[in-house]
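Trainee: Below you'll find my_file-v5.csv; it's CSV, C-alpha atoms.
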chain,number,residue,atom,x,y,z
A,1,MET,CA,-2.9,17.6,16.4
A,2,SER,CA,-6.0,19.3,15.1
A,3,GLY,CA,-4.7,22.7,14.3
A,4,PHE,CA,-1.6,24.5,13.2
A,5,THR,CA,1.7,24.4,15.0
A,6,PRO,CA,1.7,26.7,18.1
A,7,SER,CA,3.9,29.5,16.7
A,8,LEU,CA,1.7,29.6,13.7
A,9,GLU,CA,-1.5,29.6,15.8
A,10,GLN,CA,-0.1,32.6,17.7
A,11,LEU,CA,0.8,34.4,14.5
A,12,ILE,CA,-2.7,33.8,13.1
A,13,GLU,CA,-4.3,35.0,16.4
A,14,GLN,CA,-2.3,38.2,16.3
A,15,PHE,CA,-3.5,39.0,12.8
A,16,ALA,CA,-7.1,38.0,13.7
A,17,ARG,CA,-7.0,40.7,16.4
A,18,LEU,CA,-6.6,43.4,13.8
A,19,PRO,CA,-9.8,45.3,12.7
A,20,SER,CA,-11.9,43.7,10.0
A,21,VAL,CA,-9.5,40.7,9.7
A,22,GLY,CA,-11.5,37.4,10.0
A,23,LYS,CA,-10.1,34.0,10.7
A,24,LYS,CA,-9.4,33.1,7.0
A,25,SER,CA,-7.8,36.5,6.3
A,26,ALA,CA,-5.6,36.1,9.4
A,27,GLN,CA,-4.4,32.7,8.1
A,28,ARG,CA,-3.7,34.2,4.7
A,29,LEU,CA,-1.8,37.1,6.3
A,30,ALA,CA,0.2,34.8,8.5
A,31,PHE,CA,1.2,32.6,5.6
A,32,HIS,CA,2.2,35.7,3.6
A,33,VAL,CA,4.4,36.9,6.5
A,34,LEU,CA,6.0,33.4,6.8
A,35,ASN,CA,6.9,33.5,3.1
A,36,MET,CA,8.3,37.0,3.1
A,37,SER,CA,12.1,37.5,2.7
A,38,ASP,CA,14.0,38.1,5.9
A,39,ALA,CA,14.6,41.7,4.9
A,40,ASP,CA,11.0,42.4,4.1
A,41,ALA,CA,9.8,40.9,7.4
A,42,GLN,CA,12.3,42.9,9.4
A,43,LYS,CA,11.3,46.0,7.5
A,44,PHE,CA,7.6,45.3,8.3
A,45,THR,CA,8.1,45.0,12.0
A,46,ASP,CA,10.6,47.8,12.2
A,47,THR,CA,8.2,50.2,10.4
A,48,ILE,CA,5.5,49.4,12.9
A,49,LEU,CA,7.7,50.0,15.9
A,50,ASN,CA,9.4,53.1,14.3
A,51,ALA,CA,6.1,54.7,13.4
A,52,ARG,CA,4.8,54.2,16.9
A,53,LYS,CA,7.9,55.8,18.3
A,54,SER,CA,8.2,58.8,15.9
A,55,ILE,CA,4.5,59.7,15.3
A,56,SER,CA,3.0,62.0,17.9
A,57,ARG,CA,0.3,64.6,18.0
A,58,CYS,CA,1.0,68.1,16.7
A,59,LYS,CA,1.4,70.5,19.6
A,60,ILE,CA,-1.0,72.9,18.0
A,61,CYS,CA,-3.7,71.0,16.0
A,62,CYS,CA,-3.4,67.5,17.5
A,63,ASN,CA,-3.0,65.9,14.0
A,64,LEU,CA,-0.5,63.1,13.7
A,65,THR,CA,3.0,64.2,12.8
A,66,ASP,CA,6.6,63.1,12.9
A,67,GLY,CA,7.9,66.3,14.5
A,68,GLU,CA,6.5,68.6,17.1
A,69,ILE,CA,4.4,70.8,14.8
A,70,CYS,CA,2.7,69.4,11.7
A,71,GLY,CA,3.3,70.5,8.1
A,72,ILE,CA,0.0,72.4,7.9
A,73,CYS,CA,0.4,74.3,11.2
A,74,SER,CA,4.0,75.3,10.3
A,75,SER,CA,3.2,76.3,6.7
A,76,GLN,CA,3.5,80.0,5.9
A,77,SER,CA,1.0,79.8,3.1
A,78,ARG,CA,-2.0,78.7,5.1
A,79,ASP,CA,-4.7,81.0,6.2
A,80,LYS,CA,-4.4,81.1,10.0
A,81,SER,CA,-7.7,82.8,10.6
A,82,THR,CA,-9.8,79.7,9.9
A,83,ILE,CA,-9.8,76.3,11.7
A,84,CYS,CA,-11.6,73.3,10.4
A,85,VAL,CA,-12.5,70.8,13.2
A,86,VAL,CA,-12.5,67.1,12.3
A,87,GLU,CA,-12.8,63.9,14.2
A,88,ASP,CA,-9.9,62.0,12.7
A,89,PRO,CA,-6.6,62.5,10.9
A,90,ARG,CA,-8.1,60.7,7.8
A,91,ASP,CA,-10.7,63.5,7.6
A,92,VAL,CA,-7.8,66.0,7.2
A,93,ILE,CA,-6.5,64.1,4.2
A,94,ALA,CA,-10.1,63.9,2.7
A,95,ILE,CA,-10.5,67.7,2.9
A,96,GLU,CA,-6.9,68.4,1.7
A,97,ARG,CA,-7.7,66.3,-1.4
A,98,THR,CA,-10.2,68.9,-2.5
A,99,HIS,CA,-7.5,71.5,-2.8
A,100,GLU,CA,-10.2,74.0,-1.9
A,101,TYR,CA,-9.5,74.7,1.8
A,102,ASN,CA,-6.4,76.7,2.8
A,103,GLY,CA,-7.0,77.2,6.5
A,104,LEU,CA,-5.8,75.2,9.5
A,105,TYR,CA,-7.2,72.1,11.1
A,106,HIS,CA,-8.0,70.8,14.5
A,107,VAL,CA,-8.2,67.0,15.0
A,108,LEU,CA,-10.5,66.0,17.9
A,109,HIS,CA,-9.4,62.3,17.9
A,110,GLY,CA,-13.0,61.1,18.5
A,111,VAL,CA,-16.4,62.4,19.3
A,112,ILE,CA,-18.3,62.8,22.6
A,113,SER,CA,-20.1,59.5,23.2
A,114,PRO,CA,-21.5,58.9,26.7
A,115,MET,CA,-22.6,55.4,25.5
A,116,ASN,CA,-19.0,54.5,25.0
A,117,ASP,CA,-17.8,56.4,28.0
A,118,ILE,CA,-16.1,59.1,25.9
A,119,ASN,CA,-16.5,62.5,27.6
A,120,PRO,CA,-15.6,66.0,26.4
A,121,GLU,CA,-12.3,65.8,28.3
A,122,ASP,CA,-11.3,62.6,26.5
A,123,ILE,CA,-11.0,64.3,23.1
A,124,CYS,CA,-8.9,67.3,22.1
A,125,ILE,CA,-11.5,70.1,22.8
A,126,LYS,CA,-9.4,72.1,25.4
A,127,GLU,CA,-6.5,72.3,22.9
A,128,LEU,CA,-9.0,73.9,20.4
A,129,ILE,CA,-10.3,76.4,22.9
A,130,TYR,CA,-6.7,77.3,23.8
A,131,ARG,CA,-6.0,78.1,20.1
A,132,LEU,CA,-8.8,80.7,20.1
A,133,GLU,CA,-7.4,82.7,23.0
A,134,ASP,CA,-5.5,85.2,20.9
A,135,ASP,CA,-7.5,87.0,18.2
A,136,THR,CA,-6.0,85.3,15.2
A,137,VAL,CA,-8.8,82.9,14.5
A,138,LYS,CA,-12.0,84.4,13.0
A,139,GLU,CA,-13.9,81.3,12.1
A,140,VAL,CA,-14.2,77.7,13.2
A,141,ILE,CA,-15.8,75.3,10.7
A,142,MET,CA,-17.2,72.2,12.3
A,143,ALA,CA,-16.6,69.2,10.0
A,144,THR,CA,-17.4,66.3,12.3
A,145,ASN,CA,-19.2,63.3,10.7
A,146,PRO,CA,-22.9,63.7,10.1
A,147,THR,CA,-23.8,61.2,12.8
A,148,VAL,CA,-25.7,61.6,16.1
A,149,GLU,CA,-22.4,61.8,18.0
A,150,GLY,CA,-20.7,64.0,15.4
A,151,GLU,CA,-23.7,66.4,15.6
A,152,ALA,CA,-23.7,66.4,19.4
A,153,THR,CA,-20.0,67.1,19.6
A,154,SER,CA,-20.3,69.9,17.1
A,155,MET,CA,-23.1,71.5,19.1
A,156,TYR,CA,-21.2,71.1,22.4
A,157,ILE,CA,-18.1,72.8,20.9
A,158,SER,CA,-20.0,75.6,19.2
A,159,ARG,CA,-21.6,76.5,22.5
A,160,LEU,CA,-18.1,76.7,24.1
A,161,ILE,CA,-16.8,78.8,21.2
A,162,LYS,CA,-19.6,81.3,20.7
A,163,PRO,CA,-19.0,83.2,24.0
A,164,ILE,CA,-15.4,83.8,22.9
A,165,GLY,CA,-16.7,85.7,19.9
A,166,VAL,CA,-15.4,83.5,17.1
A,167,ASN,CA,-17.8,82.7,14.2
A,168,VAL,CA,-18.8,79.0,14.1
A,169,SER,CA,-20.1,77.3,10.9
A,170,ARG,CA,-21.0,73.8,9.9
A,171,LEU,CA,-20.3,71.8,6.6
A,172,ALA,CA,-23.4,71.9,4.4
A,173,TYR,CA,-25.7,68.9,4.4
A,174,GLY,CA,-27.4,67.7,1.2
A,175,VAL,CA,-27.5,65.1,-1.5
A,176,PRO,CA,-24.0,63.9,-2.6
A,177,VAL,CA,-22.8,65.0,-6.0
A,178,GLY,CA,-23.5,62.3,-8.6
A,179,ALA,CA,-25.9,60.4,-6.4
A,180,ASP,CA,-29.4,59.4,-7.4
A,181,LEU,CA,-32.2,61.2,-5.6
A,182,GLU,CA,-34.3,58.0,-5.7
A,183,TYR,CA,-31.8,56.3,-3.4
A,184,ALA,CA,-31.1,59.2,-1.0
A,185,ASP,CA,-32.3,58.5,2.5
A,186,GLU,CA,-35.0,60.6,3.9
A,187,PHE,CA,-32.9,62.4,6.5
A,188,THR,CA,-30.4,63.5,3.8
A,189,LEU,CA,-33.3,64.7,1.6
A,190,ILE,CA,-34.9,66.6,4.5
A,191,ARG,CA,-31.6,68.4,5.2
A,192,ALA,CA,-31.2,69.1,1.4
A,193,ILE,CA,-34.6,70.7,1.3
A,194,GLU,CA,-34.0,72.7,4.5
A,195,GLY,CA,-30.7,73.9,3.1
A,196,ARG,CA,-31.9,74.7,-0.4
A,197,ASN,CA,-30.3,77.7,-2.2
A,198,ASN,CA,-31.7,80.3,-4.6
A,199,LEU,CA,-30.7,79.8,-8.2
B,200,MET,CA,1.2,68.7,2.8
B,201,SER,CA,-1.2,66.6,0.9
B,202,GLY,CA,-0.8,63.2,2.6
B,203,PHE,CA,0.0,61.7,6.0
B,204,THR,CA,3.2,62.3,7.9
B,205,PRO,CA,6.1,60.2,6.4
B,206,SER,CA,6.3,57.6,9.1
B,207,LEU,CA,2.6,57.0,8.8
B,208,GLU,CA,2.7,56.8,5.0
B,209,GLN,CA,5.4,54.2,5.4
B,210,LEU,CA,3.4,52.2,7.9
B,211,ILE,CA,0.3,52.4,5.6
B,212,GLU,CA,2.4,51.3,2.6
B,213,GLN,CA,3.7,48.3,4.6
B,214,PHE,CA,0.2,47.1,5.3
B,215,ALA,CA,-0.9,47.8,1.8
B,216,ARG,CA,1.6,45.3,0.6
B,217,LEU,CA,-0.2,42.5,2.5
B,218,PRO,CA,-2.5,40.3,0.4
B,219,SER,CA,-6.0,41.5,-0.1
B,220,VAL,CA,-5.4,44.6,1.9
B,221,GLY,CA,-6.4,47.7,-0.1
B,222,LYS,CA,-5.5,51.3,0.6
B,223,LYS,CA,-8.4,52.0,2.9
B,224,SER,CA,-7.9,48.8,4.9
B,225,ALA,CA,-4.1,49.6,5.2
B,226,GLN,CA,-5.0,53.0,6.7
B,227,ARG,CA,-7.4,51.4,9.2
B,228,LEU,CA,-4.7,48.8,10.1
B,229,ALA,CA,-2.1,51.5,10.5
B,230,PHE,CA,-4.2,53.6,12.8
B,231,HIS,CA,-5.1,50.5,14.8
B,232,VAL,CA,-1.4,49.7,15.2
B,233,LEU,CA,-0.7,53.3,16.3
B,234,ASN,CA,-3.4,53.1,18.9
B,235,MET,CA,-2.3,49.7,20.4
B,236,SER,CA,-0.7,49.6,23.8
B,237,ASP,CA,3.1,49.4,23.8
B,238,ALA,CA,2.9,45.8,25.1
B,239,ASP,CA,0.5,44.7,22.4
B,240,ALA,CA,2.5,46.3,19.6
B,241,GLN,CA,5.7,44.7,20.9
B,242,LYS,CA,3.9,41.3,21.1
B,243,PHE,CA,2.6,41.7,17.6
B,244,THR,CA,6.0,42.3,16.1
B,245,ASP,CA,7.7,39.7,18.3
B,246,THR,CA,5.2,37.1,17.3
B,247,ILE,CA,5.9,37.8,13.6
B,248,LEU,CA,9.6,37.5,14.0
B,249,ASN,CA,9.5,34.5,16.4
B,250,ALA,CA,7.1,32.6,14.2
B,251,ARG,CA,9.4,33.1,11.2
B,252,LYS,CA,12.4,31.9,13.3
B,253,SER,CA,10.8,28.9,14.9
B,254,ILE,CA,8.5,27.5,12.1
B,255,SER,CA,10.2,25.2,9.6
B,256,ARG,CA,9.1,22.3,7.4
B,257,CYS,CA,8.7,18.9,9.0
B,258,LYS,CA,11.7,16.8,7.9
B,259,ILE,CA,9.2,14.0,6.9
B,260,CYS,CA,6.0,15.5,5.5
B,261,CYS,CA,7.1,19.1,4.8
B,262,ASN,CA,4.1,20.5,6.8
B,263,LEU,CA,4.9,23.5,8.9
B,264,THR,CA,6.0,22.7,12.4
B,265,ASP,CA,7.8,24.3,15.4
B,266,GLY,CA,10.2,21.3,15.8
B,267,GLU,CA,12.0,19.0,13.5
B,268,ILE,CA,9.1,16.5,13.0
B,269,CYS,CA,5.4,17.6,13.1
B,270,GLY,CA,2.8,16.3,15.5
B,271,ILE,CA,1.2,14.1,12.9
B,272,CYS,CA,4.3,12.4,11.7
B,273,SER,CA,5.5,11.8,15.3
B,274,SER,CA,2.2,10.5,16.5
B,275,GLN,CA,2.0,6.8,17.4
B,276,SER,CA,-1.7,6.5,16.7
B,277,ARG,CA,-1.7,7.5,13.0
B,278,ASP,CA,-1.9,4.9,10.2
B,279,LYS,CA,1.5,5.0,8.6
B,280,SER,CA,0.5,3.0,5.5
B,281,THR,CA,-1.4,5.9,3.9
B,282,ILE,CA,-0.2,9.3,2.8
B,283,CYS,CA,-2.6,12.1,1.7
B,284,VAL,CA,-0.9,14.6,-0.6
B,285,VAL,CA,-2.0,18.2,-0.3
B,286,GLU,CA,-0.9,21.5,-1.8
B,287,ASP,CA,-0.9,23.6,1.3
B,288,PRO,CA,-0.7,23.4,5.1
B,289,ARG,CA,-4.2,24.8,5.3
B,290,ASP,CA,-5.5,21.7,3.4
B,291,VAL,CA,-4.2,19.5,6.2
B,292,ILE,CA,-6.2,21.5,8.7
B,293,ALA,CA,-9.3,21.2,6.5
B,294,ILE,CA,-9.0,17.4,6.2
B,295,GLU,CA,-8.1,17.0,9.9
B,296,ARG,CA,-11.3,18.8,10.7
B,297,THR,CA,-13.3,15.9,9.3
B,298,HIS,CA,-11.9,13.6,12.0
B,299,GLU,CA,-12.3,10.9,9.3
B,300,TYR,CA,-8.8,10.4,8.1
B,301,ASN,CA,-6.1,8.8,10.3
B,302,GLY,CA,-3.2,8.5,7.9
B,303,LEU,CA,-0.2,10.7,7.3
B,304,TYR,CA,0.1,13.8,5.1
B,305,HIS,CA,2.5,15.2,2.6
B,306,VAL,CA,2.5,18.9,1.9
B,307,LEU,CA,3.7,19.9,-1.6
B,308,HIS,CA,3.8,23.7,-0.9
B,309,GLY,CA,2.4,24.5,-4.3
B,310,VAL,CA,1.5,22.9,-7.6
B,311,ILE,CA,3.4,22.5,-10.9
B,312,SER,CA,2.6,25.6,-13.0
B,313,PRO,CA,4.8,26.2,-16.0
B,314,MET,CA,3.0,29.5,-16.6
B,315,ASN,CA,4.2,30.8,-13.2
B,316,ASP,CA,7.6,29.1,-13.7
B,317,ILE,CA,7.0,26.5,-11.0
B,318,ASN,CA,8.6,23.2,-12.0
B,319,PRO,CA,8.4,19.8,-10.3
B,320,GLU,CA,11.7,20.4,-8.5
B,321,ASP,CA,10.2,23.6,-7.0
B,322,ILE,CA,7.7,21.7,-4.9
B,323,CYS,CA,8.2,18.9,-2.4
B,324,ILE,CA,7.8,16.0,-4.7
B,325,LYS,CA,11.2,14.3,-4.2
B,326,GLU,CA,10.6,14.3,-0.4
B,327,LEU,CA,7.4,12.3,-1.1
B,328,ILE,CA,9.1,9.8,-3.4
B,329,TYR,CA,11.8,9.4,-0.7
B,330,ARG,CA,9.1,8.4,1.8
B,331,LEU,CA,7.9,5.6,-0.4
B,332,GLU,CA,11.3,3.9,-0.6
B,333,ASP,CA,10.7,1.4,2.3
B,334,ASP,CA,7.6,-0.6,2.0
B,335,THR,CA,5.6,1.0,4.9
B,336,VAL,CA,3.3,3.1,2.6
B,337,LYS,CA,0.6,1.2,0.7
B,338,GLU,CA,-1.5,4.0,-0.6
B,339,VAL,CA,-1.1,7.6,-1.6
B,340,ILE,CA,-4.3,9.7,-1.8
B,341,MET,CA,-3.9,12.7,-4.1
B,342,ALA,CA,-5.8,15.6,-2.6
B,343,THR,CA,-4.6,18.5,-4.6
B,344,ASN,CA,-7.2,21.2,-5.5
B,345,PRO,CA,-9.6,20.4,-8.4
B,346,THR,CA,-8.0,23.0,-10.6
B,347,VAL,CA,-6.1,22.5,-13.9
B,348,GLU,CA,-2.7,22.8,-12.1
B,349,GLY,CA,-3.8,20.6,-9.2
B,350,GLU,CA,-5.0,17.9,-11.6
B,351,ALA,CA,-1.8,18.1,-13.7
B,352,THR,CA,0.4,17.9,-10.5
B,353,SER,CA,-1.7,14.9,-9.4
B,354,MET,CA,-1.2,13.1,-12.7
B,355,TYR,CA,2.5,13.9,-12.7
B,356,ILE,CA,3.1,12.5,-9.2
B,357,SER,CA,0.9,9.4,-9.8
B,358,ARG,CA,3.0,8.5,-12.8
B,359,LEU,CA,6.1,8.7,-10.7
B,360,ILE,CA,4.6,6.6,-7.9
B,361,LYS,CA,2.9,3.8,-9.9
B,362,PRO,CA,6.2,2.2,-11.0
B,363,ILE,CA,7.2,1.9,-7.3
B,364,GLY,CA,4.2,-0.3,-6.8
B,365,VAL,CA,2.3,1.9,-4.4
B,366,ASN,CA,-1.5,2.3,-4.9
B,367,VAL,CA,-2.5,5.9,-5.9
B,368,SER,CA,-6.0,7.2,-5.5
B,369,ARG,CA,-7.7,10.6,-5.9
B,370,LEU,CA,-10.4,12.4,-3.8
B,371,ALA,CA,-13.8,11.9,-5.4
B,372,TYR,CA,-15.3,14.7,-7.5
B,373,GLY,CA,-19.0,15.5,-7.3
B,374,VAL,CA,-21.7,17.9,-6.1
B,375,PRO,CA,-20.9,19.4,-2.7
B,376,VAL,CA,-23.1,18.2,0.1
B,377,GLY,CA,-26.0,20.7,0.8
B,378,ALA,CA,-25.5,22.4,-2.6
B,379,ASP,CA,-28.3,23.1,-5.1
B,380,LEU,CA,-28.0,21.1,-8.3
B,381,GLU,CA,-29.4,24.0,-10.2
B,382,TYR,CA,-26.4,26.1,-9.4
B,383,ALA,CA,-23.7,23.5,-9.8
B,384,ASP,CA,-21.4,24.2,-12.7
B,385,GLU,CA,-21.4,21.9,-15.7
B,386,PHE,CA,-17.9,20.5,-15.1
B,387,THR,CA,-18.8,19.5,-11.5
B,388,LEU,CA,-22.0,17.9,-12.8
B,389,ILE,CA,-20.1,16.0,-15.5
B,390,ARG,CA,-17.7,14.6,-12.9
B,391,ALA,CA,-20.6,13.8,-10.6
B,392,ILE,CA,-22.4,11.8,-13.3
B,393,GLU,CA,-19.1,10.0,-14.3
B,394,GLY,CA,-18.5,9.1,-10.7
B,395,ARG,CA,-22.0,7.9,-9.9
B,396,ASN,CA,-22.4,5.1,-7.4
B,397,ASN,CA,-24.9,2.2,-7.2
B,398,LEU,CA,-27.5,2.6,-4.6
Please render this file's structure as structure tokens.

Mentor:
Amino acid sequence: MSGFTPSLEQLIEQFARLPSVGKKSAQRLAFHVLNMSDADAQKFTDTILNARKSISRCKICCNLTDGEICGICSSQSRDKSTICVVEDPRDVIAIERTHEYNGLYHVLHGVISPMNDINPEDICIKELIYRLEDDTVKEVIMATNPTVEGEATSMYISRLIKPIGVNVSRLAYGVPVGADLEYADEFTLIRAIEGRNNL
Amino acid sequence: MSGFTPSLEQLIEQFARLPSVGKKSAQRLAFHVLNMSDADAQKFTDTILNARKSISRCKICCNLTDGEICGICSSQSRDKSTICVVEDPRDVIAIERTHEYNGLYHVLHGVISPMNDINPEDICIKELIYRLEDDTVKEVIMATNPTVEGEATSMYISRLIKPIGVNVSRLAYGVPVGADLEYADEFTLIRAIEGRNNL
């Protein structure tokens, strides 16, 4: 024998398949799971299976939710005239944390990326266009990541939306608050200069 | 709504309880698990529960095994006169990887640590003493970690074994192969000088 016992090898291998979990971490996780109480282990696996069963995409904004319609879409206090378009459910949380935005969201679940064979029909673009059909929405704020794919997706969507007559805007680029200009990369600085405001 | 949907929060929380998994990693793992295929997710949870069910401690050496007796203890080709005592099943793998040692092992599953309320009866010491009762074993090699607790455990066990008339040895201390003397800590250097060999 030169390795662990087969069941343990399989357990380690399962953990090693998770993102950013290397071989050593997978071993540590496997040993941790073996040392859990029976109740904790059962709860861990049940939570995984339950979450997969009960979580689905909101019928309106495609964000992840336990029901049919997510909390934000069903809220009476949100401004229904603005939709902020993000790549990922985590981005919704990030923006919500600011307590500054009170509109609705739309989660694309990815960006257009021909290199990775992700085409416009693979992400939730048609669901967004469908939401603009009545006249409730006045503005769509593109908040995809400031990457090449995020930019391209943003451009693609704005070209679809403009003919409908809805205003499309983009999150401002610039130097992050609290950062040191000396360490800002040149592209960020170029954008910050281009987008300068009068004082 | 300021966070994720409840099932997702629970899933993230379960991952965040794993060792060295922070909040961001837990989120990434949770999203990964949600995006798995049904078959993969089922396999992941099944593997966890199966491993917990089928893995137990070898009746002889206390290493983890799928059966009653582990592969090393049941092997005919191993030298049954030597037992190498380690803290953890992972240490067995580390020593096996050298292909240099052909004796048996004994896994303590921990070290004596009064600070953490771990006493001699909490780790597999009596199972080791029991193995020395017939006269098969001639030497016990202590290979606990070179930490204060590892040292103390090693000393404690050697005092129990010596009266039985079995030879007890300790892994050599010294500078690690390939390391730079300049960066070796003083304690390692002191041990390396004390343990110097004639050329």

Trainee: Please list as a list in words every residue within 12 Å of Glu121 of chain A, counting all atoms listed in the file and excluding residues in the same chain fewer than 5 positions away.

Mentor: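 Counting only the stated atoms, we get Leu108, His109, Gly110, Val111, Ile112, Ser113, Pro114, Lys126, Glu127, Leu128, Thr153, Tyr156 and Ile157 of chain A.
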
Trainee: Expressed in Å to a single decimal, how great is the separation between atom CA of His106 of chain A and atom CA of Val85 of chain A?

Mentor: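 Spanning atom CA of His106 of chain A to atom CA of Val85 of chain A is a straight-line distance of 4.7 Å.
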
Trainee: Take atom CA of Asp91 of chain A and atom CA of Pro163 of chain A and report the distance between them in Å, one decimal.

Mentor: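 These two atoms are separated by 26.9 Å.
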
Trainee: I need the contact residues of chain A against chain B, so if you could list those with any atom within 9 Å, counting all atoms listed in the file, and return them as a VMD selection string, that would help.

Mentor: chain A and resid 1 to 8 10 to 11 14 to 15 18 to 20 25 27 to 30 32 to 35 38 41 to 52 54 to 55 64 to 66 70 to 72 75 89 to 90 92 to 93 96 to 97 99

Trainee: Would you compute the distance between atom CA of Ile363 of chain B and atom CA of Thr281 of chain B? Give it in Å to one decimal.

Mentor: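 Result for atom CA of Ile363 of chain B versus atom CA of Thr281 of chain B: 14.7 Å, one decimal.
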
Trainee: Within 7 Å of segment 175-183 of chain A, counting only C-alpha atoms, which residues qualify if same-chain residues fewer than 3 places away don't, as a list in words?

Mentor: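 The residues satisfying every condition are Thr188, Leu189 and Ala192 of chain A.
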
Trainee: Taking all atoms listed in the file into account, name the residue in B:Ser280, B:Asn301, B:Asn315, B:Thr343 that is nearest to Asn366 of chain B.

Mentor: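 Ranked by minimum distance to Asn366 of chain B, first place goes to B:Ser280.
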
Trainee: Using all atoms listed in the file, which protein or nucleic acid residues come within 12 Å of Ile190 of chain A? Drop anything in the same chain fewer than 3 positions from it, and give the result as number ranges by chain.

Mentor: A: 173-175, 181, 184-187, 193-196

Trainee: Measuring between only C-alpha atoms, which one of A:Val166, A:Cys124, A:Ile129, A:Ala172 shows the shortest distance to Pro146 of chain A?

Mentor: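 Of all the options, A:Ala172 lies closest to Pro146 of chain A.
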
Trainee: Using only C-alpha atoms, which of B:Ile322, B:Ile317, B:Leu370, B:Ala238 sits nearest Cys261 of chain B?

Mentor: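 Ranking B:Ile322, B:Ile317, B:Leu370, B:Ala238 by distance to Cys261 of chain B, first place goes to B:Ile322.
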
Trainee: Just add all heavy atoms to segment 360-365 of chain B and send it as a PDB file, keeping the file's coordinate frame.

Mentor:
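This is the output file result.pdb:
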ATOM      1  N   ILE B 360       4.803   7.532  -9.017  1.00  0.00           N
ATOM      2  CA  ILE B 360       4.600   6.600  -7.900  1.00  0.00           C
ATOM      3  C   ILE B 360       4.242   5.204  -8.379  1.00  0.00           C
ATOM      4  O   ILE B 360       4.713   4.210  -7.814  1.00  0.00           O
ATOM      5  CB  ILE B 360       3.498   7.148  -6.953  1.00  0.00           C
ATOM      6  CG1 ILE B 360       3.971   8.445  -6.299  1.00  0.00           C
ATOM      7  CG2 ILE B 360       3.134   6.114  -5.908  1.00  0.00           C
ATOM      8  CD1 ILE B 360       2.945   9.062  -5.371  1.00  0.00           C
ATOM      9  N   LYS B 361       3.431   5.107  -9.423  1.00  0.00           N
ATOM     10  CA  LYS B 361       2.900   3.800  -9.900  1.00  0.00           C
ATOM     11  C   LYS B 361       4.042   2.774 -10.076  1.00  0.00           C
ATOM     12  O   LYS B 361       3.912   1.631  -9.611  1.00  0.00           O
ATOM     13  CB  LYS B 361       2.039   3.947 -11.077  1.00  0.00           C
ATOM     14  CG  LYS B 361       0.603   4.255 -10.670  1.00  0.00           C
ATOM     15  CD  LYS B 361      -0.320   4.410 -11.863  1.00  0.00           C
ATOM     16  CE  LYS B 361      -1.716   4.800 -11.405  1.00  0.00           C
ATOM     17  NZ  LYS B 361      -2.468   5.444 -12.496  1.00  0.00           N
ATOM     18  N   PRO B 362       5.159   3.149 -10.749  1.00  0.00           N
ATOM     19  CA  PRO B 362       6.200   2.200 -11.000  1.00  0.00           C
ATOM     20  C   PRO B 362       6.804   1.610  -9.638  1.00  0.00           C
ATOM     21  O   PRO B 362       7.322   0.494  -9.605  1.00  0.00           O
ATOM     22  CB  PRO B 362       7.306   2.951 -11.700  1.00  0.00           C
ATOM     23  CG  PRO B 362       6.609   4.100 -12.311  1.00  0.00           C
ATOM     24  CD  PRO B 362       5.459   4.421 -11.418  1.00  0.00           C
ATOM     25  N   ILE B 363       6.694   2.387  -8.553  1.00  0.00           N
ATOM     26  CA  ILE B 363       7.200   1.900  -7.300  1.00  0.00           C
ATOM     27  C   ILE B 363       6.312   0.833  -6.695  1.00  0.00           C
ATOM     28  O   ILE B 363       6.705   0.080  -5.792  1.00  0.00           O
ATOM     29  CB  ILE B 363       7.322   3.116  -6.260  1.00  0.00           C
ATOM     30  CG1 ILE B 363       8.065   4.303  -6.901  1.00  0.00           C
ATOM     31  CG2 ILE B 363       7.991   2.702  -4.960  1.00  0.00           C
ATOM     32  CD1 ILE B 363       8.165   5.549  -6.041  1.00  0.00           C
ATOM     33  N   GLY B 364       5.097   0.750  -7.218  1.00  0.00           N
ATOM     34  CA  GLY B 364       4.200  -0.300  -6.800  1.00  0.00           C
ATOM     35  C   GLY B 364       3.305   0.118  -5.598  1.00  0.00           C
ATOM     36  O   GLY B 364       2.747  -0.722  -4.889  1.00  0.00           O
ATOM     37  N   VAL B 365       3.153   1.437  -5.425  1.00  0.00           N
ATOM     38  CA  VAL B 365       2.300   1.900  -4.400  1.00  0.00           C
ATOM     39  C   VAL B 365       0.939   2.330  -5.028  1.00  0.00           C
ATOM     40  O   VAL B 365       0.938   2.914  -6.110  1.00  0.00           O
ATOM     41  CB  VAL B 365       2.903   3.137  -3.651  1.00  0.00           C
ATOM     42  CG1 VAL B 365       1.930   3.750  -2.665  1.00  0.00           C
ATOM     43  CG2 VAL B 365       4.186   2.729  -2.965  1.00  0.00           C
TER      44      VAL B 365
END
